[in-house]
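final39.json follows; it contains JSON, C-alpha atoms.
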```json
[["chain", "number", "residue", "atom", "x", "y", "z"],
["A", 1, "MET", "CA", -8.63, 1.98, -37.87],
["A", 2, "GLN", "CA", -11.31, 1.29, -35.25],
["A", 3, "LYS", "CA", -8.65, 0.05, -32.81],
["A", 4, "ALA", "CA", -6.71, 3.27, -33.30],
["A", 5, "ILE", "CA", -9.84, 5.35, -32.65],
["A", 6, "THR", "CA", -10.56, 3.36, -29.49],
["A", 7, "LYS", "CA", -7.03, 4.01, -28.25],
["A", 8, "ALA", "CA", -7.45, 7.72, -28.96],
["A", 9, "LYS", "CA", -10.72, 7.79, -27.00],
["A", 10, "THR", "CA", -8.99, 6.08, -24.06],
["A", 11, "LEU", "CA", -6.31, 8.77, -24.08],
["A", 12, "MET", "CA", -8.97, 11.49, -24.19],
["A", 13, "GLU", "CA", -10.73, 9.89, -21.21],
["A", 14, "ALA", "CA", -7.46, 9.98, -19.28],
["A", 15, "LEU", "CA", -6.59, 13.59, -20.18],
["A", 16, "PRO", "CA", -8.65, 15.41, -17.51],
["A", 17, "TYR", "CA", -7.27, 13.10, -14.81],
["A", 18, "ILE", "CA", -3.69, 13.64, -15.99],
["A", 19, "ARG", "CA", -4.30, 17.40, -15.82],
["A", 20, "ALA", "CA", -5.95, 17.26, -12.39],
["A", 21, "PHE", "CA", -3.28, 15.05, -10.80],
["A", 22, "ASN", "CA", -0.20, 16.79, -12.16],
["A", 23, "ASN", "CA", 2.36, 17.32, -9.39],
["A", 24, "LYS", "CA", 0.20, 15.41, -6.87],
["A", 25, "THR", "CA", 1.47, 12.59, -4.65],
["A", 26, "PHE", "CA", 0.01, 9.07, -4.78],
["A", 27, "VAL", "CA", 1.03, 6.53, -2.12],
["A", 28, "ILE", "CA", 0.57, 3.01, -3.47],
["A", 29, "LYS", "CA", 0.77, -0.15, -1.39],
["A", 30, "PHE", "CA", 2.11, -2.99, -3.54],
["A", 31, "GLY", "CA", 1.47, -6.52, -2.33],
["A", 32, "GLY", "CA", -0.35, -9.82, -2.77],
["A", 33, "ASN", "CA", -0.31, -11.77, -6.03],
["A", 34, "ALA", "CA", 0.76, -8.67, -7.95],
["A", 35, "MET", "CA", 4.19, -9.06, -6.35],
["A", 36, "ILE", "CA", 4.52, -12.79, -7.03],
["A", 37, "ASP", "CA", 3.21, -12.94, -10.62],
["A", 38, "SER", "CA", 5.93, -11.72, -13.03],
["A", 39, "ALA", "CA", 3.44, -10.37, -15.60],
["A", 40, "LEU", "CA", 1.60, -8.38, -12.92],
["A", 41, "SER", "CA", 4.87, -7.08, -11.47],
["A", 42, "HIS", "CA", 5.87, -5.93, -14.94],
["A", 43, "SER", "CA", 2.57, -4.15, -15.59],
["A", 44, "PHE", "CA", 2.77, -2.51, -12.14],
["A", 45, "ALA", "CA", 6.27, -1.20, -12.89],
["A", 46, "LEU", "CA", 5.06, 0.26, -16.20],
["A", 47, "ASP", "CA", 2.07, 1.88, -14.46],
["A", 48, "ILE", "CA", 4.36, 3.57, -11.95],
["A", 49, "ILE", "CA", 6.73, 4.78, -14.67],
["A", 50, "LEU", "CA", 3.83, 6.25, -16.64],
["A", 51, "LEU", "CA", 2.48, 8.05, -13.58],
["A", 52, "ASN", "CA", 5.91, 9.57, -13.07],
["A", 53, "TYR", "CA", 6.21, 10.60, -16.73],
["A", 54, "VAL", "CA", 2.86, 12.48, -16.69],
["A", 55, "GLY", "CA", 3.82, 14.50, -13.62],
["A", 56, "ILE", "CA", 2.35, 12.42, -10.79],
["A", 57, "ARG", "CA", 4.59, 11.65, -7.81],
["A", 58, "PRO", "CA", 4.23, 7.95, -6.94],
["A", 59, "VAL", "CA", 5.49, 6.62, -3.61],
["A", 60, "ILE", "CA", 5.48, 2.83, -3.27],
["A", 61, "VAL", "CA", 5.19, 0.92, 0.01],
["A", 62, "HIS", "CA", 5.48, -2.84, -0.37],
["A", 63, "GLY", "CA", 4.70, -5.91, 1.67],
["A", 64, "GLY", "CA", 6.27, -9.37, 1.48],
["A", 65, "GLY", "CA", 4.46, -11.74, 3.83],
["A", 66, "PRO", "CA", 4.50, -14.83, 1.55],
["A", 67, "GLN", "CA", 8.19, -14.41, 0.75],
["A", 68, "ILE", "CA", 9.04, -14.02, 4.45],
["A", 69, "GLY", "CA", 7.05, -17.16, 5.26],
["A", 70, "GLU", "CA", 8.81, -19.08, 2.49],
["A", 71, "LEU", "CA", 12.29, -18.22, 3.78],
["A", 72, "MET", "CA", 11.31, -18.99, 7.37],
["A", 73, "GLU", "CA", 10.09, -22.40, 6.27],
["A", 74, "LYS", "CA", 13.40, -23.06, 4.50],
["A", 75, "LEU", "CA", 15.22, -22.11, 7.70],
["A", 76, "GLY", "CA", 13.03, -24.48, 9.71],
["A", 77, "LYS", "CA", 11.23, -21.69, 11.55],
["A", 78, "LYS", "CA", 7.45, -21.75, 11.92],
["A", 79, "SER", "CA", 5.34, -18.64, 11.27],
["A", 80, "THR", "CA", 2.70, -17.88, 13.90],
["A", 81, "PHE", "CA", 0.00, -15.26, 13.42],
["A", 82, "ILE", "CA", -2.42, -13.47, 15.73],
["A", 83, "ASP", "CA", -5.11, -11.32, 14.09],
["A", 84, "GLY", "CA", -3.17, -11.51, 10.83],
["A", 85, "MET", "CA", 0.04, -10.21, 12.41],
["A", 86, "ARG", "CA", 3.19, -12.33, 12.42],
["A", 87, "ILE", "CA", 4.72, -12.92, 15.85],
["A", 88, "THR", "CA", 8.20, -11.49, 15.33],
["A", 89, "ASP", "CA", 10.98, -12.47, 17.72],
["A", 90, "LYS", "CA", 14.51, -11.09, 17.34],
["A", 91, "GLU", "CA", 15.55, -13.84, 14.95],
["A", 92, "THR", "CA", 12.40, -13.38, 12.86],
["A", 93, "VAL", "CA", 12.83, -9.61, 12.59],
["A", 94, "ASP", "CA", 16.27, -10.23, 11.07],
["A", 95, "ILE", "CA", 14.64, -12.53, 8.50],
["A", 96, "VAL", "CA", 11.92, -9.94, 7.82],
["A", 97, "GLU", "CA", 14.52, -7.24, 7.23],
["A", 98, "MET", "CA", 16.60, -9.53, 5.03],
["A", 99, "VAL", "CA", 13.62, -10.38, 2.81],
["A", 100, "LEU", "CA", 11.96, -6.95, 2.67],
["A", 101, "VAL", "CA", 15.04, -4.77, 2.32],
["A", 102, "GLY", "CA", 17.63, -7.10, 0.85],
["A", 103, "LYS", "CA", 15.47, -8.93, -1.67],
["A", 104, "ILE", "CA", 11.97, -7.60, -2.42],
["A", 105, "ASN", "CA", 12.78, -3.90, -2.24],
["A", 106, "LYS", "CA", 15.74, -4.25, -4.59],
["A", 107, "GLU", "CA", 13.73, -6.39, -7.02],
["A", 108, "ILE", "CA", 11.01, -3.73, -7.29],
["A", 109, "VAL", "CA", 13.58, -0.95, -7.68],
["A", 110, "ASN", "CA", 15.45, -2.89, -10.35],
["A", 111, "HIS", "CA", 12.24, -3.71, -12.24],
["A", 112, "ILE", "CA", 11.27, -0.05, -12.42],
["A", 113, "ASN", "CA", 14.77, 1.09, -13.38],
["A", 114, "GLN", "CA", 15.17, -1.57, -16.06],
["A", 115, "ASN", "CA", 11.99, -0.31, -17.72],
["A", 116, "GLY", "CA", 13.03, 3.32, -17.86],
["A", 117, "GLY", "CA", 12.08, 4.64, -14.41],
["A", 118, "ARG", "CA", 14.24, 6.15, -11.66],
["A", 119, "ALA", "CA", 13.50, 4.34, -8.41],
["A", 120, "VAL", "CA", 15.37, 4.39, -5.10],
["A", 121, "GLY", "CA", 14.91, 1.80, -2.36],
["A", 122, "LEU", "CA", 14.39, 2.75, 1.27],
["A", 123, "SER", "CA", 13.30, 1.18, 4.50],
["A", 124, "GLY", "CA", 11.55, 3.01, 7.30],
["A", 125, "LYS", "CA", 14.90, 3.09, 9.09],
["A", 126, "ASP", "CA", 16.50, 5.33, 6.43],
["A", 127, "GLY", "CA", 16.52, 8.96, 7.48],
["A", 128, "SER", "CA", 14.37, 7.94, 10.48],
["A", 129, "LEU", "CA", 11.50, 7.79, 8.00],
["A", 130, "ILE", "CA", 9.28, 5.62, 10.21],
["A", 131, "LYS", "CA", 9.59, 5.95, 13.98],
["A", 132, "ALA", "CA", 7.88, 3.15, 15.87],
["A", 133, "LYS", "CA", 7.25, 1.56, 19.22],
["A", 134, "LYS", "CA", 6.24, -1.92, 20.29],
["A", 135, "LEU", "CA", 2.63, -2.71, 19.37],
["A", 136, "CYS", "CA", 0.47, -3.58, 22.36],
["A", 137, "LEU", "CA", -2.34, -5.84, 21.20],
["A", 138, "LYS", "CA", -5.23, -6.31, 23.61],
["A", 139, "ASP", "CA", -6.32, -9.86, 24.40],
["A", 140, "LYS", "CA", -9.73, -10.50, 22.78],
["A", 141, "HIS", "CA", -10.87, -12.49, 25.78],
["A", 142, "ASP", "CA", -9.52, -10.16, 28.46],
["A", 143, "GLU", "CA", -8.90, -6.54, 27.50],
["A", 144, "SER", "CA", -6.92, -5.96, 30.69],
["A", 145, "LYS", "CA", -4.21, -8.22, 29.21],
["A", 146, "THR", "CA", -2.00, -7.76, 26.18],
["A", 147, "VAL", "CA", -0.65, -10.25, 23.65],
["A", 148, "ASP", "CA", 3.11, -10.13, 23.06],
["A", 149, "LEU", "CA", 3.81, -10.04, 19.32],
["A", 150, "GLY", "CA", 7.52, -9.48, 19.78],
["A", 151, "MET", "CA", 9.09, -6.91, 17.46],
["A", 152, "VAL", "CA", 5.84, -5.91, 15.75],
["A", 153, "GLY", "CA", 5.56, -2.15, 15.84],
["A", 154, "GLU", "CA", 3.07, 0.65, 15.56],
["A", 155, "ILE", "CA", 4.07, 3.93, 13.97],
["A", 156, "THR", "CA", 4.60, 6.91, 16.26],
["A", 157, "ALA", "CA", 5.84, 9.38, 13.64],
["A", 158, "VAL", "CA", 6.72, 9.68, 9.95],
["A", 159, "ASN", "CA", 9.52, 11.98, 8.85],
["A", 160, "PRO", "CA", 8.88, 12.52, 5.11],
["A", 161, "HIS", "CA", 11.99, 14.64, 4.47],
["A", 162, "VAL", "CA", 13.86, 11.87, 2.63],
["A", 163, "ILE", "CA", 10.79, 11.18, 0.43],
["A", 164, "ASN", "CA", 10.36, 14.85, -0.38],
["A", 165, "THR", "CA", 14.05, 15.10, -1.32],
["A", 166, "LEU", "CA", 13.73, 12.17, -3.74],
["A", 167, "ASP", "CA", 10.48, 13.56, -5.18],
["A", 168, "THR", "CA", 12.11, 16.93, -5.80],
["A", 169, "HIS", "CA", 14.66, 15.21, -8.03],
["A", 170, "GLN", "CA", 11.99, 13.04, -9.69],
["A", 171, "PHE", "CA", 13.09, 9.75, -8.14],
["A", 172, "ILE", "CA", 10.45, 7.18, -7.20],
["A", 173, "PRO", "CA", 10.72, 6.10, -3.53],
["A", 174, "VAL", "CA", 10.16, 2.37, -2.89],
["A", 175, "ILE", "CA", 9.74, 1.76, 0.85],
["A", 176, "ALA", "CA", 10.04, -1.43, 2.90],
["A", 177, "PRO", "CA", 7.76, -1.21, 5.97],
["A", 178, "LEU", "CA", 10.24, -1.39, 8.83],
["A", 179, "GLY", "CA", 10.31, 1.08, 11.69],
["A", 180, "VAL", "CA", 13.02, 2.18, 14.09],
["A", 181, "GLY", "CA", 12.57, 2.56, 17.84],
["A", 182, "ASP", "CA", 14.01, 5.16, 20.19],
["A", 183, "ASN", "CA", 16.95, 2.86, 20.98],
["A", 184, "GLY", "CA", 17.59, 1.86, 17.37],
["A", 185, "GLU", "CA", 15.62, -1.39, 17.49],
["A", 186, "THR", "CA", 13.93, -2.65, 14.33],
["A", 187, "TYR", "CA", 10.15, -3.13, 14.18],
["A", 188, "ASN", "CA", 8.08, -5.07, 11.67],
["A", 189, "ILE", "CA", 5.26, -2.79, 10.46],
["A", 190, "ASN", "CA", 2.07, -3.78, 8.64],
["A", 191, "ALA", "CA", 2.47, -2.54, 5.04],
["A", 192, "ASP", "CA", -1.11, -1.20, 4.75],
["A", 193, "MET", "CA", -0.67, 0.79, 7.96],
["A", 194, "ALA", "CA", 2.72, 2.08, 6.84],
["A", 195, "ALA", "CA", 1.24, 3.23, 3.52],
["A", 196, "GLY", "CA", -1.63, 4.95, 5.32],
["A", 197, "GLU", "CA", 0.63, 6.82, 7.74],
["A", 198, "ILE", "CA", 3.05, 7.85, 4.99],
["A", 199, "SER", "CA", 0.19, 9.11, 2.81],
["A", 200, "ALA", "CA", -1.07, 11.20, 5.73],
["A", 201, "ALA", "CA", 2.39, 12.65, 6.43],
["A", 202, "LEU", "CA", 2.72, 13.62, 2.76],
["A", 203, "LYS", "CA", -0.88, 14.95, 2.54],
["A", 204, "ALA", "CA", -1.16, 12.75, -0.53],
["A", 205, "GLU", "CA", -3.85, 13.13, -3.15],
["A", 206, "LYS", "CA", -4.49, 9.38, -3.08],
["A", 207, "LEU", "CA", -3.79, 6.27, -1.05],
["A", 208, "ILE", "CA", -4.11, 3.13, -3.20],
["A", 209, "LEU", "CA", -4.07, -0.36, -1.68],
["A", 210, "LEU", "CA", -3.51, -3.24, -4.11],
["A", 211, "THR", "CA", -5.18, -6.40, -2.81],
["A", 212, "ASP", "CA", -6.16, -9.88, -3.97],
["A", 213, "VAL", "CA", -9.86, -9.03, -4.13],
["A", 214, "ALA", "CA", -11.90, -6.79, -6.43],
["A", 215, "GLY", "CA", -12.58, -4.23, -3.70],
["A", 216, "VAL", "CA", -15.30, -3.89, -1.08],
["A", 217, "LYS", "CA", -18.44, -5.88, -1.86],
["A", 218, "ASP", "CA", -21.98, -5.76, -0.45],
["A", 219, "LYS", "CA", -23.76, -8.76, 1.10],
["A", 220, "LYS", "CA", -24.87, -9.90, -2.37],
["A", 221, "GLY", "CA", -21.28, -9.98, -3.60],
["A", 222, "ARG", "CA", -21.58, -6.87, -5.78],
["A", 223, "LEU", "CA", -18.61, -4.51, -5.98],
["A", 224, "ILE", "CA", -19.24, -1.16, -4.30],
["A", 225, "SER", "CA", -17.72, 1.59, -6.43],
["A", 226, "THR", "CA", -17.80, 4.37, -3.82],
["A", 227, "LEU", "CA", -18.04, 4.32, -0.02],
["A", 228, "THR", "CA", -18.06, 7.08, 2.57],
["A", 229, "GLU", "CA", -16.57, 6.74, 6.05],
["A", 230, "LYS", "CA", -20.08, 6.83, 7.51],
["A", 231, "GLU", "CA", -21.19, 3.97, 5.26],
["A", 232, "ILE", "CA", -18.11, 1.94, 6.20],
["A", 233, "LYS", "CA", -18.98, 2.16, 9.90],
["A", 234, "GLN", "CA", -22.51, 0.97, 9.12],
["A", 235, "PHE", "CA", -21.25, -1.90, 6.94],
["A", 236, "ILE", "CA", -18.85, -3.07, 9.67],
["A", 237, "LYS", "CA", -21.60, -2.90, 12.28],
["A", 238, "LYS", "CA", -23.89, -5.00, 10.05],
["A", 239, "GLY", "CA", -21.11, -7.49, 9.32],
["A", 240, "GLU", "CA", -21.09, -6.71, 5.59],
["A", 241, "ILE", "CA", -17.45, -5.69, 5.88],
["A", 242, "SER", "CA", -15.55, -8.29, 7.86],
["A", 243, "GLY", "CA", -12.29, -10.19, 8.26],
["A", 244, "GLY", "CA", -9.16, -8.82, 6.61],
["A", 245, "MET", "CA", -11.07, -6.05, 4.86],
["A", 246, "ILE", "CA", -11.78, -4.26, 8.17],
["A", 247, "PRO", "CA", -8.18, -3.13, 8.84],
["A", 248, "LYS", "CA", -7.85, -2.04, 5.20],
["A", 249, "VAL", "CA", -10.93, 0.20, 5.23],
["A", 250, "ASN", "CA", -10.01, 1.52, 8.68],
["A", 251, "CYS", "CA", -6.54, 2.35, 7.37],
["A", 252, "CYS", "CA", -8.15, 4.27, 4.49],
["A", 253, "CYS", "CA", -10.50, 6.15, 6.82],
["A", 254, "LYS", "CA", -7.64, 7.16, 9.10],
["A", 255, "ALA", "CA", -5.69, 8.46, 6.10],
["A", 256, "LEU", "CA", -8.70, 10.53, 4.99],
["A", 257, "ASP", "CA", -9.09, 11.93, 8.51],
["A", 258, "ASN", "CA", -5.46, 13.06, 8.35],
["A", 259, "GLY", "CA", -5.60, 14.97, 5.08],
["A", 260, "VAL", "CA", -5.47, 12.41, 2.26],
["A", 261, "LYS", "CA", -7.99, 13.38, -0.43],
["A", 262, "LYS", "CA", -9.19, 9.92, -1.50],
["A", 263, "ALA", "CA", -8.39, 6.25, -0.87],
["A", 264, "HIS", "CA", -8.80, 3.26, -3.19],
["A", 265, "ILE", "CA", -8.89, -0.50, -2.64],
["A", 266, "ILE", "CA", -8.29, -2.23, -5.96],
["A", 267, "ASP", "CA", -7.61, -5.67, -7.39],
["A", 268, "GLY", "CA", -3.89, -6.02, -8.00],
["A", 269, "ARG", "CA", -4.49, -9.25, -9.94],
["A", 270, "ILE", "CA", -5.65, -7.17, -12.93],
["A", 271, "GLU", "CA", -2.96, -5.97, -15.29],
["A", 272, "HIS", "CA", -2.51, -2.17, -15.20],
["A", 273, "ALA", "CA", -4.92, -1.99, -12.27],
["A", 274, "VAL", "CA", -3.49, 1.35, -11.10],
["A", 275, "LEU", "CA", -4.01, 3.05, -14.46],
["A", 276, "LEU", "CA", -7.52, 1.62, -14.87],
["A", 277, "GLU", "CA", -8.54, 2.95, -11.46],
["A", 278, "ILE", "CA", -7.01, 6.40, -11.83],
["A", 279, "PHE", "CA", -7.48, 7.31, -15.48],
["A", 280, "THR", "CA", -10.93, 5.90, -16.33],
["A", 281, "ASP", "CA", -14.34, 7.31, -15.45],
["A", 282, "VAL", "CA", -15.64, 4.05, -13.94],
["A", 283, "GLY", "CA", -12.51, 2.62, -12.29],
["A", 284, "ILE", "CA", -12.16, -1.01, -11.24],
["A", 285, "GLY", "CA", -12.21, -1.04, -7.43],
["A", 286, "THR", "CA", -13.70, 0.77, -4.45],
["A", 287, "GLN", "CA", -12.93, 4.42, -3.77],
["A", 288, "ILE", "CA", -13.36, 5.70, -0.23],
["A", 289, "VAL", "CA", -14.20, 9.35, 0.26],
["A", 290, "ASP", "CA", -14.75, 11.65, 3.21],
["A", 291, "SER", "CA", -18.24, 11.45, 4.69]]
```

Take the structure in the file and write it out as C-alpha cells.
Amino acid sequence: MQKAITKAKTLMEALPYIRAFNNKTFVIKFGGNAMIDSALSHSFALDIILLNYVGIRPVIVHGGGPQIGELMEKLGKKSTFIDGMRITDKETVDIVEMVLVGKINKEIVNHINQNGGRAVGLSGKDGSLIKAKKLCLKDKHDESKTVDLGMVGEITAVNPHVINTLDTHQFIPVIAPLGVGDNGETYNINADMAAGEISAALKAEKLILLTDVAGVKDKKGRLISTLTEKEIKQFIKKGEISGGMIPKVNCCCKALDNGVKKAHIIDGRIEHAVLLEIFTDVGIGTQIVDS
C-alpha cells in the first residue's frame, strides 16, 4: 500500500507541471552515453512518448560523435579534432551523413515508434530546416588567421515550418544536425548548437541538453541547481566553468537571449532523466534562467 501511495504522490507532484507545460515545445538534445546504452535509450524513448501523451511537444536533436568515429576507424580514416570539432573533409561529411541520417536517426525514430509513439526522422537538409555556411574558426595563437575545419558549418537560419507541420499533426520530429549551404553543400553542425538554434526559432519553453555529467558544478564539485546568465559569465571568468561545459552553457544563454524560457543541462546517464528534471520540484541537473 505504501508503494502505491508514494506513486500517487509522485503523480500529484507532476500535475502542476503537466498543466503548465501543456501545448508547449521542448527541444531536447539527445547524445552521449544515453544513446549508446540500450536501457537508457529505452527510458529516453518512453520519456518522450509520455511528454507527447500529456500534451507537450517534444522536438529531438541528436548527436552521434562516437558512432561516426567508430565507422571512420573501420574505414581506416583517422578522426582529427580542433576545439572539440571534427575536421570534416568531403569524404568525412559523407560518412557523417551516413551515420547520423541513415543509422542513428532511424534507430531513434524506430525506438519511439515501437513503443507507441509517432516519430518522424529529419535532417537539417529536409525542407531547408537548417541553413548553414562554412564555420570560420579563429586561430588561438593568431586571431588574424583562421583554422580550416572543412565542411563544419555554422547556422545562418532555421526554417521551422516542417517542424511546425509535424507538431500540428502530433508527430515527434527527430532531427540529425546537418545543414545545407546556399549551393546545396552539406555541413556538419554541432548538435548542441543545432538544438539551441532550433529552440530559439521555435520560441520553445525549454531547451534540454542531455550530457554525460550531472550538470554544472561549483569549484567544490557540488551540483548547482540554478544559474543565471550573469552568474555563468562570472563562473567562466573565474575558471569554475571550463572545458567542454563552456560551449554548452553559452549555447543555453544564447537560446535564452533569443526567446527560450528556460534551459537545462542534465545527466543523460540517469534513467528517465528528462521526466525527473521536468516533473519534480527539485530536478536532477542545472537549470539556466534569464538574469

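Considering the residues A:Lys138, A:Lys248, A:Arg57, A:Lys237 and counting all atoms listed in the file, Leu166 of chain A has its shortest atom-to-atom contact with A:Arg57.
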
Distance cut-off 9 Å, centre (-2.6, -9.3, 9.8) in file coordinates, counting all atoms listed in the file: which residues qualify? Return them as an mmCIF file with C-alpha atoms, in the coordinates of the input.
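Contents of result.cif, as written:
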```
data_model
loop_
_atom_site.group_PDB
_atom_site.id
_atom_site.type_symbol
_atom_site.label_atom_id
_atom_site.label_comp_id
_atom_site.auth_asym_id
_atom_site.auth_seq_id
_atom_site.Cartn_x
_atom_site.Cartn_y
_atom_site.Cartn_z
ATOM 1 C CA PHE A 81 0.000 -15.260 13.420
ATOM 2 C CA ILE A 82 -2.420 -13.470 15.730
ATOM 3 C CA ASP A 83 -5.110 -11.320 14.090
ATOM 4 C CA GLY A 84 -3.170 -11.510 10.830
ATOM 5 C CA MET A 85 0.040 -10.210 12.410
ATOM 6 C CA ARG A 86 3.190 -12.330 12.420
ATOM 7 C CA ASN A 190 2.070 -3.780 8.640
ATOM 8 C CA GLY A 244 -9.160 -8.820 6.610
ATOM 9 C CA PRO A 247 -8.180 -3.130 8.840
#
```

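For the atom pair formed by atom CA of Lys203 of chain A and atom CA of Val27 of chain A, the distance is 9.8 Å, given to one decimal.
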
Open item on the list: My list of candidates is A:Ala176, A:Val289, A:Ile108, A:Ala34. Which is closest to Val96 of chain A when distances are computed with all atoms listed in the file?
Closed with: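 When distances to Val96 of chain A are compared using all atoms listed in the file, the smallest one comes from A:Ala176.
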
Task: Distance query 12 Å from (15.5, -9.6, 19.2) using only C-alpha atoms, result as a ChimeraX atom specification - done: /A:87-96,149-152,184-188

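Coordinates place atom CA of Asn105 of chain A at a distance of 20.0 Å from atom CA of Ala132 of chain A.
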
Open item on the list: So that I can check the surroundings of His111 of chain A, please list as a ChimeraX atom specification every protein, DNA and RNA residue that reaches within 12 Å of it, counting only C-alpha atoms and ignoring chain neighbours fewer than 6 positions away.
Closed with: /A:35,38-49,104-105,117-121,174

Open item on the list: With distances taken over only C-alpha atoms, which residue among A:Pro160, A:Gly259, A:Gly102, A:Pro177 lies nearest Ser128 of chain A?
Closed with: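 Answer, going by the shortest atom-to-atom distance: A:Pro160.
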
- [ ] Can you pull out every residue within 7 Å of Gly55 of chain A, counting only C-alpha atoms, but drop anything in the same chain fewer than 3 positions away, and send it as number ranges by chain?
- [x] A: 22-23, 51-52

Please, what is the axis-aligned box for every listed atom of segment 149-154 of chain A with 6 Å on each side, as centre and edge lengths in Å to one decimal, as JSON?
```
{"center_x": 6.1, "center_y": -4.7, "center_z": 17.7, "size_x": 18.0, "size_y": 22.7, "size_z": 16.2}
```

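Considering the residues A:Lys74, A:His62, A:Lys220, A:Lys261 and counting all atoms listed in the file, Ala200 of chain A has its shortest atom-to-atom contact with A:Lys261.
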
Task: Between atom CA of Gly196 of chain A and atom CA of Arg222 of chain A, distance in Å (one decimal) - done: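 Spanning atom CA of Gly196 of chain A to atom CA of Arg222 of chain A is a straight-line distance of 25.7 Å.
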
- [ ] May I ask which of the residues A:Lys9, A:Lys217, A:Lys29, A:Lys103 is the closest one to Asp192 of chain A, counting only C-alpha atoms?
- [x]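 For Asp192 of chain A, the nearest of the candidates is A:Lys29.
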
Using the partial input, fill out segment 35-50 of chain A with N, CA, C and O atoms; write the result as an mmCIF file, in the frame of the given file.
```cif
data_model
loop_
_atom_site.group_PDB
_atom_site.id
_atom_site.type_symbol
_atom_site.label_atom_id
_atom_site.label_comp_id
_atom_site.auth_asym_id
_atom_site.auth_seq_id
_atom_site.Cartn_x
_atom_site.Cartn_y
_atom_site.Cartn_z
ATOM 1 N N MET A 35 2.752 -9.009 -6.577
ATOM 2 C CA MET A 35 4.190 -9.060 -6.350
ATOM 3 C C MET A 35 4.794 -10.375 -6.802
ATOM 4 O O MET A 35 5.968 -10.438 -7.158
ATOM 5 N N ILE A 36 4.000 -11.442 -6.752
ATOM 6 C CA ILE A 36 4.520 -12.790 -7.030
ATOM 7 C C ILE A 36 4.462 -13.115 -8.511
ATOM 8 O O ILE A 36 5.361 -13.765 -9.050
ATOM 9 N N ASP A 37 3.404 -12.663 -9.193
ATOM 10 C CA ASP A 37 3.210 -12.940 -10.620
ATOM 11 C C ASP A 37 4.090 -11.992 -11.448
ATOM 12 O O ASP A 37 3.974 -10.773 -11.352
ATOM 13 N N SER A 38 4.969 -12.547 -12.285
ATOM 14 C CA SER A 38 5.930 -11.720 -13.030
ATOM 15 C C SER A 38 5.249 -10.770 -14.009
ATOM 16 O O SER A 38 5.679 -9.616 -14.181
ATOM 17 N N ALA A 39 4.156 -11.235 -14.654
ATOM 18 C CA ALA A 39 3.440 -10.370 -15.600
ATOM 19 C C ALA A 39 2.800 -9.191 -14.878
ATOM 20 O O ALA A 39 2.832 -8.050 -15.365
ATOM 21 N N LEU A 40 2.228 -9.447 -13.699
ATOM 22 C CA LEU A 40 1.600 -8.380 -12.920
ATOM 23 C C LEU A 40 2.649 -7.415 -12.379
ATOM 24 O O LEU A 40 2.431 -6.203 -12.340
ATOM 25 N N SER A 41 3.784 -7.945 -11.946
ATOM 26 C CA SER A 41 4.870 -7.080 -11.470
ATOM 27 C C SER A 41 5.357 -6.166 -12.584
ATOM 28 O O SER A 41 5.650 -4.992 -12.356
ATOM 29 N N HIS A 42 5.422 -6.719 -13.785
ATOM 30 C CA HIS A 42 5.870 -5.930 -14.940
ATOM 31 C C HIS A 42 4.871 -4.823 -15.253
ATOM 32 O O HIS A 42 5.259 -3.662 -15.470
ATOM 33 N N SER A 43 3.576 -5.153 -15.272
ATOM 34 C CA SER A 43 2.570 -4.150 -15.590
ATOM 35 C C SER A 43 2.520 -3.077 -14.496
ATOM 36 O O SER A 43 2.317 -1.893 -14.775
ATOM 37 N N PHE A 44 2.735 -3.483 -13.241
ATOM 38 C CA PHE A 44 2.770 -2.510 -12.140
ATOM 39 C C PHE A 44 3.930 -1.533 -12.335
ATOM 40 O O PHE A 44 3.765 -0.310 -12.187
ATOM 41 N N ALA A 45 5.106 -2.058 -12.671
ATOM 42 C CA ALA A 45 6.270 -1.200 -12.890
ATOM 43 C C ALA A 45 6.003 -0.191 -14.007
ATOM 44 O O ALA A 45 6.321 0.996 -13.880
ATOM 45 N N LEU A 46 5.381 -0.644 -15.086
ATOM 46 C CA LEU A 46 5.060 0.260 -16.200
ATOM 47 C C LEU A 46 4.044 1.312 -15.780
ATOM 48 O O LEU A 46 4.136 2.476 -16.196
ATOM 49 N N ASP A 47 3.059 0.909 -14.977
ATOM 50 C CA ASP A 47 2.070 1.880 -14.460
ATOM 51 C C ASP A 47 2.765 2.992 -13.682
ATOM 52 O O ASP A 47 2.460 4.178 -13.854
ATOM 53 N N ILE A 48 3.675 2.598 -12.795
ATOM 54 C CA ILE A 48 4.360 3.570 -11.950
ATOM 55 C C ILE A 48 5.221 4.513 -12.794
ATOM 56 O O ILE A 48 5.252 5.729 -12.564
ATOM 57 N N ILE A 49 5.906 3.953 -13.778
ATOM 58 C CA ILE A 49 6.730 4.780 -14.670
ATOM 59 C C ILE A 49 5.872 5.785 -15.429
ATOM 60 O O ILE A 49 6.228 6.965 -15.549
ATOM 61 N N LEU A 50 4.720 5.344 -15.913
ATOM 62 C CA LEU A 50 3.830 6.250 -16.640
ATOM 63 C C LEU A 50 3.320 7.361 -15.737
ATOM 64 O O LEU A 50 3.289 8.536 -16.139
#
```
